[in-house]
Amino acid sequence: MKIGLIGLGRMGGNIARRLMKNGHEVVAFDRDAEAVKKLAADGAIGADSLDDMHAKLDTPAIWWVMVPAGEPTEQTVQAIAAKASEGDIIIDGGNSFYKDDVRRAKELAERGIRYVDVGTSGGVWGLERGYCMMIGGNKDTVDYLDPIFDTLAPGIGTIVRTPGRNDDEDPRAEKGYIHAGPPGAGHFVKMVHNGIEYGLMQAYAEGFDILKGKSGEHVAEDQRFDINLTDVAEVWRRGSVISSWLLDLSAIALAKDGTLEGFSGSVADSGEGQWTIDAAMEEKVPANVLSAALYARYRSRVEHTFGDKLLSAMRYGFGGHVEMPQ
């Protein structure tokens, strides 16, 4: 299939490369002309404007938006909609607020333009590992786009099938992507995914803080332990019930620098944690761990702990995210 990809940053560029690697055509546009030139050297069809992209796309045109959530995405979607024809498809693959998706889908449907939201997880590793995708949109449109999603997904790989999973369940889930529901459902599931991510990361951060603190002056001298955090992270990766990709990233960061001096500990957030708590409040669902994890990030911008540095290290590891400016 031929797809127009707008936004060639850390994820957008690699999404394009994975698509091209597997036989799809990509028309690429970014405000940074050098990013377009670089991707064109890898095989993409470069575009110097949205109008140029439109002229180079097939009918129906498929536009995949991969720019920061909020106003950049809103402006880009509206700019595409002004040029799109009836039957065209606009995909938002960023981290938009799901209620914005619901609104956009209704507005675009009135003009005959189809809208799909794709919660995309995989970060800077997606080119090699594939992307886990949570998709919202009308069934016919999502089915039409399946060759694209199937290419981007990790595939079944070597992961053992879940015992007891029925053969009549949607096989796409085992490949690493799902049709979560109507427009907005994809980003809603991804939002909760990121909220859970906050909690998991905070648990690791606090645990390593406790390990590190065991050698501190406030501990009785005969009870102090100088724990090798690098070795702990490594051994927990191997057979432990708390092994995970986040722990892998922690081990990588600690192996490079056991003190994590390259990080200040001022932990950023991209909004999904707060949106998850907002949803929990609307649904009257307790979210004690997720709330505490979000507040811990806010606190980290005032005072920093070793655990906060580990949080920043994990965020940099999976997504290339930088810390809050000091």
# chains A, B, ... in the order shown; residues from 1 in each chain; ligands from 1
>>> residues_around(residues="range 314-317 of chain A", least_positions_apart="2", cutoff="9 Å", atoms="only C-alpha atoms", output="VMD selection string")
chain A and resid 123 to 124 201 246 to 247 249 to 250 252 to 253 267 to 268 309 to 312 319 to 323
>>> residues_around(residues="Ala292 in chain A", least_positions_apart="3", cutoff="12 Å", atoms="only C-alpha atoms", output="PDB file with all heavy atoms, in the first residue's frame")
ATOM      1  N   GLY A 195      -0.660   4.904  31.593  1.00  0.00           N
ATOM      2  CA  GLY A 195      -0.884   5.074  33.021  1.00  0.00           C
ATOM      3  C   GLY A 195      -0.298   3.913  33.813  1.00  0.00           C
ATOM      4  O   GLY A 195       0.349   4.110  34.852  1.00  0.00           O
ATOM      5  N   ILE A 196      -0.514   2.694  33.320  1.00  0.00           N
ATOM      6  CA  ILE A 196       0.067   1.508  33.964  1.00  0.00           C
ATOM      7  C   ILE A 196       1.586   1.587  33.917  1.00  0.00           C
ATOM      8  O   ILE A 196       2.278   1.240  34.887  1.00  0.00           O
ATOM      9  CB  ILE A 196      -0.435   0.231  33.265  1.00  0.00           C
ATOM     10  CG1 ILE A 196      -1.936   0.046  33.524  1.00  0.00           C
ATOM     11  CG2 ILE A 196       0.339  -0.999  33.735  1.00  0.00           C
ATOM     12  CD1 ILE A 196      -2.575  -1.057  32.698  1.00  0.00           C
ATOM     13  N   TYR A 198       3.417   4.176  34.064  1.00  0.00           N
ATOM     14  CA  TYR A 198       3.860   5.057  35.147  1.00  0.00           C
ATOM     15  C   TYR A 198       4.007   4.269  36.446  1.00  0.00           C
ATOM     16  O   TYR A 198       4.983   4.411  37.181  1.00  0.00           O
ATOM     17  CB  TYR A 198       2.844   6.185  35.377  1.00  0.00           C
ATOM     18  CG  TYR A 198       2.884   7.337  34.405  1.00  0.00           C
ATOM     19  CD1 TYR A 198       3.175   7.154  33.050  1.00  0.00           C
ATOM     20  CD2 TYR A 198       2.596   8.625  34.831  1.00  0.00           C
ATOM     21  CE1 TYR A 198       3.187   8.213  32.179  1.00  0.00           C
ATOM     22  CE2 TYR A 198       2.596   9.701  33.959  1.00  0.00           C
ATOM     23  CZ  TYR A 198       2.894   9.490  32.622  1.00  0.00           C
ATOM     24  OH  TYR A 198       2.896  10.547  31.758  1.00  0.00           O
ATOM     25  N   GLY A 199       2.982   3.456  36.749  1.00  0.00           N
ATOM     26  CA  GLY A 199       3.001   2.700  37.998  1.00  0.00           C
ATOM     27  C   GLY A 199       4.118   1.681  38.047  1.00  0.00           C
ATOM     28  O   GLY A 199       4.804   1.537  39.062  1.00  0.00           O
ATOM     29  N   LEU A 200       4.324   0.950  36.956  1.00  0.00           N
ATOM     30  CA  LEU A 200       5.390  -0.047  36.904  1.00  0.00           C
ATOM     31  C   LEU A 200       6.757   0.606  37.085  1.00  0.00           C
ATOM     32  O   LEU A 200       7.606   0.131  37.854  1.00  0.00           O
ATOM     33  CB  LEU A 200       5.343  -0.789  35.567  1.00  0.00           C
ATOM     34  CG  LEU A 200       4.146  -1.708  35.311  1.00  0.00           C
ATOM     35  CD1 LEU A 200       4.161  -2.202  33.875  1.00  0.00           C
ATOM     36  CD2 LEU A 200       4.159  -2.888  36.273  1.00  0.00           C
ATOM     37  N   MET A 201       6.968   1.698  36.376  1.00  0.00           N
ATOM     38  CA  MET A 201       8.254   2.385  36.458  1.00  0.00           C
ATOM     39  C   MET A 201       8.495   2.926  37.860  1.00  0.00           C
ATOM     40  O   MET A 201       9.616   2.857  38.381  1.00  0.00           O
ATOM     41  CB  MET A 201       8.305   3.517  35.422  1.00  0.00           C
ATOM     42  CG  MET A 201       8.327   3.023  33.989  1.00  0.00           C
ATOM     43  SD  MET A 201       8.119   4.360  32.783  1.00  0.00           S
ATOM     44  CE  MET A 201       9.686   5.211  32.974  1.00  0.00           C
ATOM     45  N   GLN A 202       7.445   3.451  38.483  1.00  0.00           N
ATOM     46  CA  GLN A 202       7.601   3.994  39.827  1.00  0.00           C
ATOM     47  C   GLN A 202       7.949   2.901  40.825  1.00  0.00           C
ATOM     48  O   GLN A 202       8.747   3.103  41.755  1.00  0.00           O
ATOM     49  CB  GLN A 202       6.314   4.713  40.260  1.00  0.00           C
ATOM     50  CG  GLN A 202       6.412   5.436  41.592  1.00  0.00           C
ATOM     51  CD  GLN A 202       7.449   6.551  41.574  1.00  0.00           C
ATOM     52  OE1 GLN A 202       7.683   7.158  40.531  1.00  0.00           O
ATOM     53  NE2 GLN A 202       8.063   6.821  42.713  1.00  0.00           N
ATOM     54  N   ALA A 203       7.372   1.703  40.636  1.00  0.00           N
ATOM     55  CA  ALA A 203       7.685   0.584  41.529  1.00  0.00           C
ATOM     56  C   ALA A 203       9.163   0.215  41.443  1.00  0.00           C
ATOM     57  O   ALA A 203       9.824   0.010  42.472  1.00  0.00           O
ATOM     58  CB  ALA A 203       6.807  -0.618  41.178  1.00  0.00           C
ATOM     59  N   GLU A 206      11.262   3.084  43.128  1.00  0.00           N
ATOM     60  CA  GLU A 206      11.238   3.061  44.592  1.00  0.00           C
ATOM     61  C   GLU A 206      12.030   1.882  45.136  1.00  0.00           C
ATOM     62  O   GLU A 206      12.742   1.997  46.149  1.00  0.00           O
ATOM     63  CB  GLU A 206       9.790   3.021  45.076  1.00  0.00           C
ATOM     64  CG  GLU A 206       9.027   4.321  44.788  1.00  0.00           C
ATOM     65  CD  GLU A 206       7.569   4.263  45.210  1.00  0.00           C
ATOM     66  OE1 GLU A 206       7.179   3.275  45.879  1.00  0.00           O
ATOM     67  OE2 GLU A 206       6.818   5.197  44.867  1.00  0.00           O
ATOM     68  N   GLY A 273      -0.719   9.990  31.784  1.00  0.00           N
ATOM     69  CA  GLY A 273      -0.932   9.608  33.173  1.00  0.00           C
ATOM     70  C   GLY A 273      -2.059  10.403  33.798  1.00  0.00           C
ATOM     71  O   GLY A 273      -2.942   9.849  34.470  1.00  0.00           O
ATOM     72  N   GLN A 274      -2.062  11.700  33.577  1.00  0.00           N
ATOM     73  CA  GLN A 274      -3.125  12.539  34.120  1.00  0.00           C
ATOM     74  C   GLN A 274      -4.475  12.199  33.494  1.00  0.00           C
ATOM     75  O   GLN A 274      -5.492  12.131  34.180  1.00  0.00           O
ATOM     76  CB  GLN A 274      -2.814  14.019  33.882  1.00  0.00           C
ATOM     77  CG  GLN A 274      -3.899  14.950  34.420  1.00  0.00           C
ATOM     78  CD  GLN A 274      -3.566  16.416  34.238  1.00  0.00           C
ATOM     79  OE1 GLN A 274      -2.390  16.781  34.228  1.00  0.00           O
ATOM     80  NE2 GLN A 274      -4.587  17.231  34.085  1.00  0.00           N
ATOM     81  N   ILE A 277      -5.899   9.170  35.124  1.00  0.00           N
ATOM     82  CA  ILE A 277      -6.498   9.464  36.427  1.00  0.00           C
ATOM     83  C   ILE A 277      -7.826  10.184  36.242  1.00  0.00           C
ATOM     84  O   ILE A 277      -8.809   9.926  36.966  1.00  0.00           O
ATOM     85  CB  ILE A 277      -5.533  10.311  37.293  1.00  0.00           C
ATOM     86  CG1 ILE A 277      -4.186   9.595  37.453  1.00  0.00           C
ATOM     87  CG2 ILE A 277      -6.159  10.592  38.655  1.00  0.00           C
ATOM     88  CD1 ILE A 277      -4.271   8.168  37.911  1.00  0.00           C
ATOM     89  N   PRO A 286     -11.104   3.342  41.657  1.00  0.00           N
ATOM     90  CA  PRO A 286      -9.897   3.681  42.426  1.00  0.00           C
ATOM     91  C   PRO A 286      -8.644   3.406  41.603  1.00  0.00           C
ATOM     92  O   PRO A 286      -8.553   2.396  40.908  1.00  0.00           O
ATOM     93  CB  PRO A 286      -9.973   2.750  43.638  1.00  0.00           C
ATOM     94  CG  PRO A 286     -11.404   2.331  43.725  1.00  0.00           C
ATOM     95  CD  PRO A 286     -11.908   2.296  42.322  1.00  0.00           C
ATOM     96  N   ALA A 287      -7.688   4.319  41.662  1.00  0.00           N
ATOM     97  CA  ALA A 287      -6.419   4.141  40.945  1.00  0.00           C
ATOM     98  C   ALA A 287      -5.295   4.635  41.840  1.00  0.00           C
ATOM     99  O   ALA A 287      -4.587   5.588  41.520  1.00  0.00           O
ATOM    100  CB  ALA A 287      -6.451   4.898  39.616  1.00  0.00           C
ATOM    101  N   ASN A 288      -5.130   3.975  42.973  1.00  0.00           N
ATOM    102  CA  ASN A 288      -4.192   4.437  43.990  1.00  0.00           C
ATOM    103  C   ASN A 288      -2.746   4.451  43.504  1.00  0.00           C
ATOM    104  O   ASN A 288      -2.016   5.434  43.685  1.00  0.00           O
ATOM    105  CB  ASN A 288      -4.308   3.551  45.245  1.00  0.00           C
ATOM    106  CG  ASN A 288      -5.712   3.542  45.805  1.00  0.00           C
ATOM    107  OD1 ASN A 288      -6.384   4.559  45.821  1.00  0.00           O
ATOM    108  ND2 ASN A 288      -6.166   2.381  46.267  1.00  0.00           N
ATOM    109  N   VAL A 289      -2.308   3.366  42.897  1.00  0.00           N
ATOM    110  CA  VAL A 289      -0.917   3.258  42.457  1.00  0.00           C
ATOM    111  C   VAL A 289      -0.633   4.235  41.321  1.00  0.00           C
ATOM    112  O   VAL A 289       0.382   4.939  41.322  1.00  0.00           O
ATOM    113  CB  VAL A 289      -0.604   1.813  42.009  1.00  0.00           C
ATOM    114  CG1 VAL A 289       0.765   1.729  41.341  1.00  0.00           C
ATOM    115  CG2 VAL A 289      -0.662   0.878  43.212  1.00  0.00           C
ATOM    116  N   TYR A 295       1.876  11.668  40.825  1.00  0.00           N
ATOM    117  CA  TYR A 295       2.276  12.716  41.780  1.00  0.00           C
ATOM    118  C   TYR A 295       3.781  12.654  42.060  1.00  0.00           C
ATOM    119  O   TYR A 295       4.420  13.685  42.302  1.00  0.00           O
ATOM    120  CB  TYR A 295       1.491  12.572  43.080  1.00  0.00           C
ATOM    121  CG  TYR A 295      -0.002  12.761  42.914  1.00  0.00           C
ATOM    122  CD1 TYR A 295      -0.910  12.099  43.740  1.00  0.00           C
ATOM    123  CD2 TYR A 295      -0.516  13.586  41.919  1.00  0.00           C
ATOM    124  CE1 TYR A 295      -2.284  12.264  43.581  1.00  0.00           C
ATOM    125  CE2 TYR A 295      -1.876  13.745  41.751  1.00  0.00           C
ATOM    126  CZ  TYR A 295      -2.759  13.081  42.587  1.00  0.00           C
ATOM    127  OH  TYR A 295      -4.113  13.241  42.425  1.00  0.00           O
ATOM    128  N   ALA A 296       4.346  11.442  42.016  1.00  0.00           N
ATOM    129  CA  ALA A 296       5.786  11.305  42.231  1.00  0.00           C
ATOM    130  C   ALA A 296       6.568  12.018  41.132  1.00  0.00           C
ATOM    131  O   ALA A 296       7.632  12.590  41.388  1.00  0.00           O
ATOM    132  CB  ALA A 296       6.173   9.827  42.293  1.00  0.00           C
ATOM    133  N   ARG A 297       6.046  11.985  39.918  1.00  0.00           N
ATOM    134  CA  ARG A 297       6.725  12.701  38.838  1.00  0.00           C
ATOM    135  C   ARG A 297       6.662  14.215  39.068  1.00  0.00           C
ATOM    136  O   ARG A 297       7.638  14.929  38.816  1.00  0.00           O
ATOM    137  CB  ARG A 297       6.105  12.345  37.489  1.00  0.00           C
ATOM    138  CG  ARG A 297       6.340  10.901  37.100  1.00  0.00           C
ATOM    139  CD  ARG A 297       6.159  10.666  35.619  1.00  0.00           C
ATOM    140  NE  ARG A 297       6.445   9.268  35.304  1.00  0.00           N
ATOM    141  CZ  ARG A 297       6.549   8.795  34.075  1.00  0.00           C
ATOM    142  NH1 ARG A 297       6.401   9.611  33.034  1.00  0.00           N
ATOM    143  NH2 ARG A 297       6.796   7.513  33.857  1.00  0.00           N
ATOM    144  N   TYR A 298       5.514  14.682  39.538  1.00  0.00           N
ATOM    145  CA  TYR A 298       5.420  16.111  39.838  1.00  0.00           C
ATOM    146  C   TYR A 298       6.416  16.495  40.935  1.00  0.00           C
ATOM    147  O   TYR A 298       7.092  17.510  40.859  1.00  0.00           O
ATOM    148  CB  TYR A 298       4.000  16.456  40.295  1.00  0.00           C
ATOM    149  CG  TYR A 298       2.922  16.277  39.248  1.00  0.00           C
ATOM    150  CD1 TYR A 298       1.586  16.152  39.624  1.00  0.00           C
ATOM    151  CD2 TYR A 298       3.225  16.233  37.884  1.00  0.00           C
ATOM    152  CE1 TYR A 298       0.582  16.002  38.676  1.00  0.00           C
ATOM    153  CE2 TYR A 298       2.227  16.069  36.938  1.00  0.00           C
ATOM    154  CZ  TYR A 298       0.903  15.953  37.336  1.00  0.00           C
ATOM    155  OH  TYR A 298      -0.086  15.792  36.397  1.00  0.00           O
ATOM    156  N   ARG A 299       6.496  15.638  41.980  1.00  0.00           N
ATOM    157  CA  ARG A 299       7.411  15.907  43.085  1.00  0.00           C
ATOM    158  C   ARG A 299       8.868  15.922  42.630  1.00  0.00           C
ATOM    159  O   ARG A 299       9.694  16.695  43.123  1.00  0.00           O
ATOM    160  CB  ARG A 299       7.195  14.842  44.181  1.00  0.00           C
ATOM    161  CG  ARG A 299       7.951  15.072  45.488  1.00  0.00           C
ATOM    162  CD  ARG A 299       9.268  14.315  45.530  1.00  0.00           C
ATOM    163  NE  ARG A 299       9.070  12.915  45.163  1.00  0.00           N
ATOM    164  CZ  ARG A 299       9.932  12.238  44.419  1.00  0.00           C
ATOM    165  NH1 ARG A 299      11.035  12.801  43.969  1.00  0.00           N
ATOM    166  NH2 ARG A 299       9.694  10.972  44.117  1.00  0.00           N
TER     167      ARG A 299
END
>>> closest_atom_pairs(of="range 145-242 of chain A", to="range 82-97 of chain A", cutoff="12 Å", atoms="only C-alpha atoms", output="tab-separated table")
residue	atom	partner	partner_atom	distance
A:Leu145	CA	A:Ile89	CA	9.4
A:Ile148	CA	A:Ile91	CA	11.4
A:Phe149	CA	A:Gly93	CA	11.2
A:Leu152	CA	A:Gly93	CA	11.8
A:Pro183	CA	A:Ile91	CA	10.4
A:Gly184	CA	A:Phe97	CA	8.2
A:Ala185	CA	A:Phe97	CA	10.4
A:Gly186	CA	A:Gly93	CA	9.6
A:His187	CA	A:Ser96	CA	6.6
A:Phe188	CA	A:Phe97	CA	7.6
A:Val189	CA	A:Asn95	CA	10.8
A:Lys190	CA	A:Asn95	CA	7.8
A:Met191	CA	A:Asn95	CA	7.7
A:Val192	CA	A:Phe97	CA	11.2
A:His193	CA	A:Asn95	CA	11.2
A:Asn194	CA	A:Asn95	CA	9.7
>>> select_by_dssp(residues="range 168-205 of chain A", states="helix (DSSP H, G or I)", output="list in words")
Arg172, Ala173, Glu174, Lys175, Ala185, Gly186, His187, Phe188, Val189, Lys190, Met191, Val192, His193, Asn194, Gly195, Ile196, Glu197, Tyr198, Gly199, Leu200, Met201, Gln202, Ala203, Tyr204 and Ala205 of chain A
>>> select_by_dssp(residues="range 22-220 of chain A", states="strand (DSSP E)", output="VMD selection string")
chain A and resid 25 to 29 45 to 46 62 to 65 89 to 92 114 to 121 132 to 136 177 to 181
>>> write_last_selection(atoms="N, CA, C and O atoms", output="CSV table (one decimal), in the first residue's frame")
chain,number,residue,atom,x,y,z
A,25,GLU,N,4.9,1.6,0.0
A,25,GLU,CA,5.5,2.8,-0.5
A,25,GLU,C,5.1,3.9,0.5
A,25,GLU,O,4.0,4.0,1.0
A,26,VAL,N,6.1,4.8,0.8
A,26,VAL,CA,5.9,5.9,1.8
A,26,VAL,C,6.2,7.2,1.1
A,26,VAL,O,7.3,7.4,0.6
A,27,VAL,N,5.2,8.1,1.2
A,27,VAL,CA,5.4,9.5,0.8
A,27,VAL,C,5.6,10.2,2.1
A,27,VAL,O,4.8,10.2,3.0
A,28,ALA,N,6.8,10.9,2.2
A,28,ALA,CA,7.2,11.4,3.5
A,28,ALA,C,7.3,12.9,3.5
A,28,ALA,O,7.8,13.6,2.6
A,29,PHE,N,6.7,13.5,4.6
A,29,PHE,CA,6.8,15.0,4.7
A,29,PHE,C,7.1,15.3,6.2
A,29,PHE,O,6.6,14.7,7.1
A,45,ILE,N,9.4,8.4,-0.9
A,45,ILE,CA,9.1,9.4,-1.9
A,45,ILE,C,9.0,10.7,-1.1
A,45,ILE,O,8.1,10.9,-0.3
A,46,GLY,N,9.9,11.7,-1.3
A,46,GLY,CA,9.9,12.9,-0.5
A,46,GLY,C,8.8,13.8,-1.0
A,46,GLY,O,8.5,13.9,-2.2
A,62,ILE,N,-4.1,7.8,2.0
A,62,ILE,CA,-4.0,7.4,3.4
A,62,ILE,C,-2.9,8.3,4.0
A,62,ILE,O,-1.8,8.4,3.5
A,63,TRP,N,-3.3,9.1,5.0
A,63,TRP,CA,-2.4,10.0,5.6
A,63,TRP,C,-2.2,9.6,7.1
A,63,TRP,O,-3.1,9.4,7.8
A,64,TRP,N,-0.9,9.4,7.4
A,64,TRP,CA,-0.6,8.9,8.8
A,64,TRP,C,0.1,10.1,9.5
A,64,TRP,O,1.2,10.5,9.1
A,65,VAL,N,-0.5,10.7,10.5
A,65,VAL,CA,0.0,11.8,11.3
A,65,VAL,C,0.8,11.3,12.5
A,65,VAL,O,0.3,10.6,13.3
A,89,ILE,N,-8.4,8.6,4.1
A,89,ILE,CA,-8.3,8.1,5.5
A,89,ILE,C,-7.2,8.9,6.2
A,89,ILE,O,-6.1,9.0,5.7
A,90,ILE,N,-7.5,9.5,7.4
A,90,ILE,CA,-6.5,10.2,8.2
A,90,ILE,C,-6.3,9.3,9.4
A,90,ILE,O,-7.2,9.0,10.1
A,91,ILE,N,-5.0,9.0,9.7
A,91,ILE,CA,-4.6,8.2,10.8
A,91,ILE,C,-3.8,9.0,11.8
A,91,ILE,O,-2.9,9.7,11.4
A,92,ASP,N,-4.2,9.1,13.1
A,92,ASP,CA,-3.4,9.7,14.1
A,92,ASP,C,-2.7,8.7,14.9
A,92,ASP,O,-3.3,7.9,15.6
A,114,ARG,N,-12.6,9.5,6.4
A,114,ARG,CA,-12.5,8.4,7.5
A,114,ARG,C,-11.3,8.7,8.4
A,114,ARG,O,-10.3,9.2,8.0
A,115,TYR,N,-11.5,8.4,9.7
A,115,TYR,CA,-10.5,8.8,10.7
A,115,TYR,C,-10.3,7.5,11.6
A,115,TYR,O,-11.2,6.8,12.0
A,116,VAL,N,-9.0,7.3,11.8
A,116,VAL,CA,-8.5,6.1,12.6
A,116,VAL,C,-7.5,6.6,13.6
A,116,VAL,O,-6.6,7.4,13.3
A,117,ASP,N,-7.7,6.2,14.9
A,117,ASP,CA,-6.7,6.6,15.9
A,117,ASP,C,-5.9,5.3,16.2
A,117,ASP,O,-6.5,4.2,16.5
A,118,VAL,N,-4.6,5.4,16.3
A,118,VAL,CA,-3.7,4.3,16.6
A,118,VAL,C,-2.8,4.6,17.7
A,118,VAL,O,-1.9,5.4,17.6
A,119,GLY,N,-3.1,4.0,18.9
A,119,GLY,CA,-2.2,4.1,20.0
A,119,GLY,C,-1.0,3.2,19.7
A,119,GLY,O,-1.1,2.0,19.5
A,120,THR,N,0.2,3.8,19.6
A,120,THR,CA,1.4,3.1,19.2
A,120,THR,C,2.5,3.0,20.2
A,120,THR,O,2.9,4.1,20.8
A,121,SER,N,2.8,1.8,20.6
A,121,SER,CA,3.9,1.6,21.6
A,121,SER,C,5.0,0.8,21.0
A,121,SER,O,4.8,-0.1,20.2
A,132,CYS,N,3.5,-2.3,19.0
A,132,CYS,CA,2.2,-2.7,19.6
A,132,CYS,C,1.2,-1.6,19.3
A,132,CYS,O,1.5,-0.5,19.6
A,133,MET,N,0.1,-2.0,18.7
A,133,MET,CA,-0.9,-1.0,18.3
A,133,MET,C,-2.3,-1.3,18.8
A,133,MET,O,-2.7,-2.4,18.7
A,134,MET,N,-2.9,-0.2,19.3
A,134,MET,CA,-4.3,-0.3,19.8
A,134,MET,C,-5.1,0.7,18.9
A,134,MET,O,-4.8,1.9,18.9
A,135,ILE,N,-6.0,0.1,18.1
A,135,ILE,CA,-6.6,0.9,17.0
A,135,ILE,C,-8.1,1.2,17.2
A,135,ILE,O,-8.8,0.3,17.6
A,136,GLY,N,-8.4,2.4,16.9
A,136,GLY,CA,-9.9,2.8,17.0
A,136,GLY,C,-10.3,3.3,15.6
A,136,GLY,O,-9.6,4.0,15.0
A,177,TYR,N,-1.4,-6.4,17.6
A,177,TYR,CA,-2.3,-5.2,17.4
A,177,TYR,C,-3.7,-5.7,17.5
A,177,TYR,O,-4.1,-6.8,17.3
A,178,ILE,N,-4.6,-4.7,17.9
A,178,ILE,CA,-6.0,-5.0,18.1
A,178,ILE,C,-6.9,-3.9,17.5
A,178,ILE,O,-6.4,-2.7,17.5
A,179,HIS,N,-8.1,-4.2,17.1
A,179,HIS,CA,-9.1,-3.2,16.8
A,179,HIS,C,-9.9,-3.0,18.1
A,179,HIS,O,-10.7,-3.9,18.5
A,180,ALA,N,-9.6,-2.0,18.8
A,180,ALA,CA,-10.1,-1.8,20.2
A,180,ALA,C,-11.6,-1.4,20.2
A,180,ALA,O,-12.3,-1.6,21.2
A,181,GLY,N,-12.0,-0.8,19.1
A,181,GLY,CA,-13.4,-0.3,19.0
A,181,GLY,C,-13.5,0.9,18.1
A,181,GLY,O,-12.7,1.1,17.2
>>> atom_distance(atom1="CA of Glu217 in chain A", atom2="CA of Phe306 in chain A")
15.8 Å
>>> atom_distance(atom1="CA of Thr158 in chain A", atom2="CA of Asp143 in chain A")
25.5 Å
>>> closest_atom_pairs(of="range 129-158 of chain A", to="range 14-17 of chain A", cutoff="10 Å", atoms="only C-alpha atoms", output="Markdown table")
| residue | atom | partner | partner_atom | distance |
| --- | --- | --- | --- | --- |
| A:Gly130 | CA | A:Ile15 | CA | 8.8 |
| A:Tyr131 | CA | A:Ile15 | CA | 8.4 |
| A:Thr151 | CA | A:Ile15 | CA | 9.8 |
| A:Leu152 | CA | A:Ile15 | CA | 7.1 |
>>> atom_distance(atom1="CA of Asn22 in chain A", atom2="CA of Asp52 in chain A")
24.2 Å
>>> decode(residues="range 148-161 of chain A", atoms="N, CA, C and O atoms", output="mmCIF file, in the first residue's frame")
data_model
loop_
_atom_site.group_PDB
_atom_site.id
_atom_site.type_symbol
_atom_site.label_atom_id
_atom_site.label_comp_id
_atom_site.auth_asym_id
_atom_site.auth_seq_id
_atom_site.Cartn_x
_atom_site.Cartn_y
_atom_site.Cartn_z
ATOM 1 N N ILE A 148 -1.083 -2.628 6.474
ATOM 2 C CA ILE A 148 -0.164 -1.682 7.114
ATOM 3 C C ILE A 148 0.076 -2.076 8.563
ATOM 4 O O ILE A 148 1.221 -2.160 9.024
ATOM 5 N N PHE A 149 -0.994 -2.343 9.280
ATOM 6 C CA PHE A 149 -0.859 -2.698 10.697
ATOM 7 C C PHE A 149 -0.119 -4.029 10.865
ATOM 8 O O PHE A 149 0.696 -4.183 11.769
ATOM 9 N N ASP A 150 -0.413 -4.973 9.988
ATOM 10 C CA ASP A 150 0.235 -6.277 10.070
ATOM 11 C C ASP A 150 1.747 -6.155 9.867
ATOM 12 O O ASP A 150 2.531 -6.855 10.503
ATOM 13 N N THR A 151 2.144 -5.234 8.987
ATOM 14 C CA THR A 151 3.566 -5.006 8.744
ATOM 15 C C THR A 151 4.240 -4.362 9.945
ATOM 16 O O THR A 151 5.362 -4.730 10.321
ATOM 17 N N LEU A 152 3.585 -3.386 10.554
ATOM 18 C CA LEU A 152 4.187 -2.649 11.666
ATOM 19 C C LEU A 152 4.235 -3.463 12.954
ATOM 20 O O LEU A 152 5.108 -3.246 13.796
ATOM 21 N N ALA A 153 3.316 -4.395 13.134
ATOM 22 C CA ALA A 153 3.226 -5.168 14.370
ATOM 23 C C ALA A 153 4.421 -6.106 14.529
ATOM 24 O O ALA A 153 5.073 -6.485 13.550
ATOM 25 N N PRO A 154 4.708 -6.511 15.770
ATOM 26 C CA PRO A 154 5.839 -7.417 16.015
ATOM 27 C C PRO A 154 5.655 -8.791 15.402
ATOM 28 O O PRO A 154 6.629 -9.476 15.081
ATOM 29 N N GLY A 155 4.401 -9.243 15.248
ATOM 30 C CA GLY A 155 4.148 -10.604 14.818
ATOM 31 C C GLY A 155 4.174 -11.562 15.999
ATOM 32 O O GLY A 155 4.513 -11.181 17.129
ATOM 33 N N ILE A 156 3.823 -12.784 15.767
ATOM 34 C CA ILE A 156 3.744 -13.775 16.847
ATOM 35 C C ILE A 156 5.114 -14.020 17.467
ATOM 36 O O ILE A 156 5.258 -14.130 18.685
ATOM 37 N N GLY A 157 6.141 -14.086 16.637
ATOM 38 C CA GLY A 157 7.499 -14.256 17.146
ATOM 39 C C GLY A 157 7.669 -15.522 17.968
ATOM 40 O O GLY A 157 7.075 -16.568 17.680
ATOM 41 N N THR A 158 8.465 -15.415 19.020
ATOM 42 C CA THR A 158 8.797 -16.589 19.842
ATOM 43 C C THR A 158 8.004 -16.628 21.145
ATOM 44 O O THR A 158 8.240 -17.501 21.986
ATOM 45 N N ILE A 159 7.071 -15.693 21.322
ATOM 46 C CA ILE A 159 6.284 -15.665 22.562
ATOM 47 C C ILE A 159 5.336 -16.860 22.594
ATOM 48 O O ILE A 159 4.595 -17.115 21.637
ATOM 49 N N VAL A 160 5.353 -17.602 23.675
ATOM 50 C CA VAL A 160 4.494 -18.769 23.834
ATOM 51 C C VAL A 160 3.031 -18.335 23.883
ATOM 52 O O VAL A 160 2.694 -17.318 24.500
ATOM 53 N N ARG A 161 2.167 -19.066 23.229
ATOM 54 C CA ARG A 161 0.744 -18.734 23.239
ATOM 55 C C ARG A 161 0.195 -18.798 24.658
ATOM 56 O O ARG A 161 0.602 -19.635 25.467
#
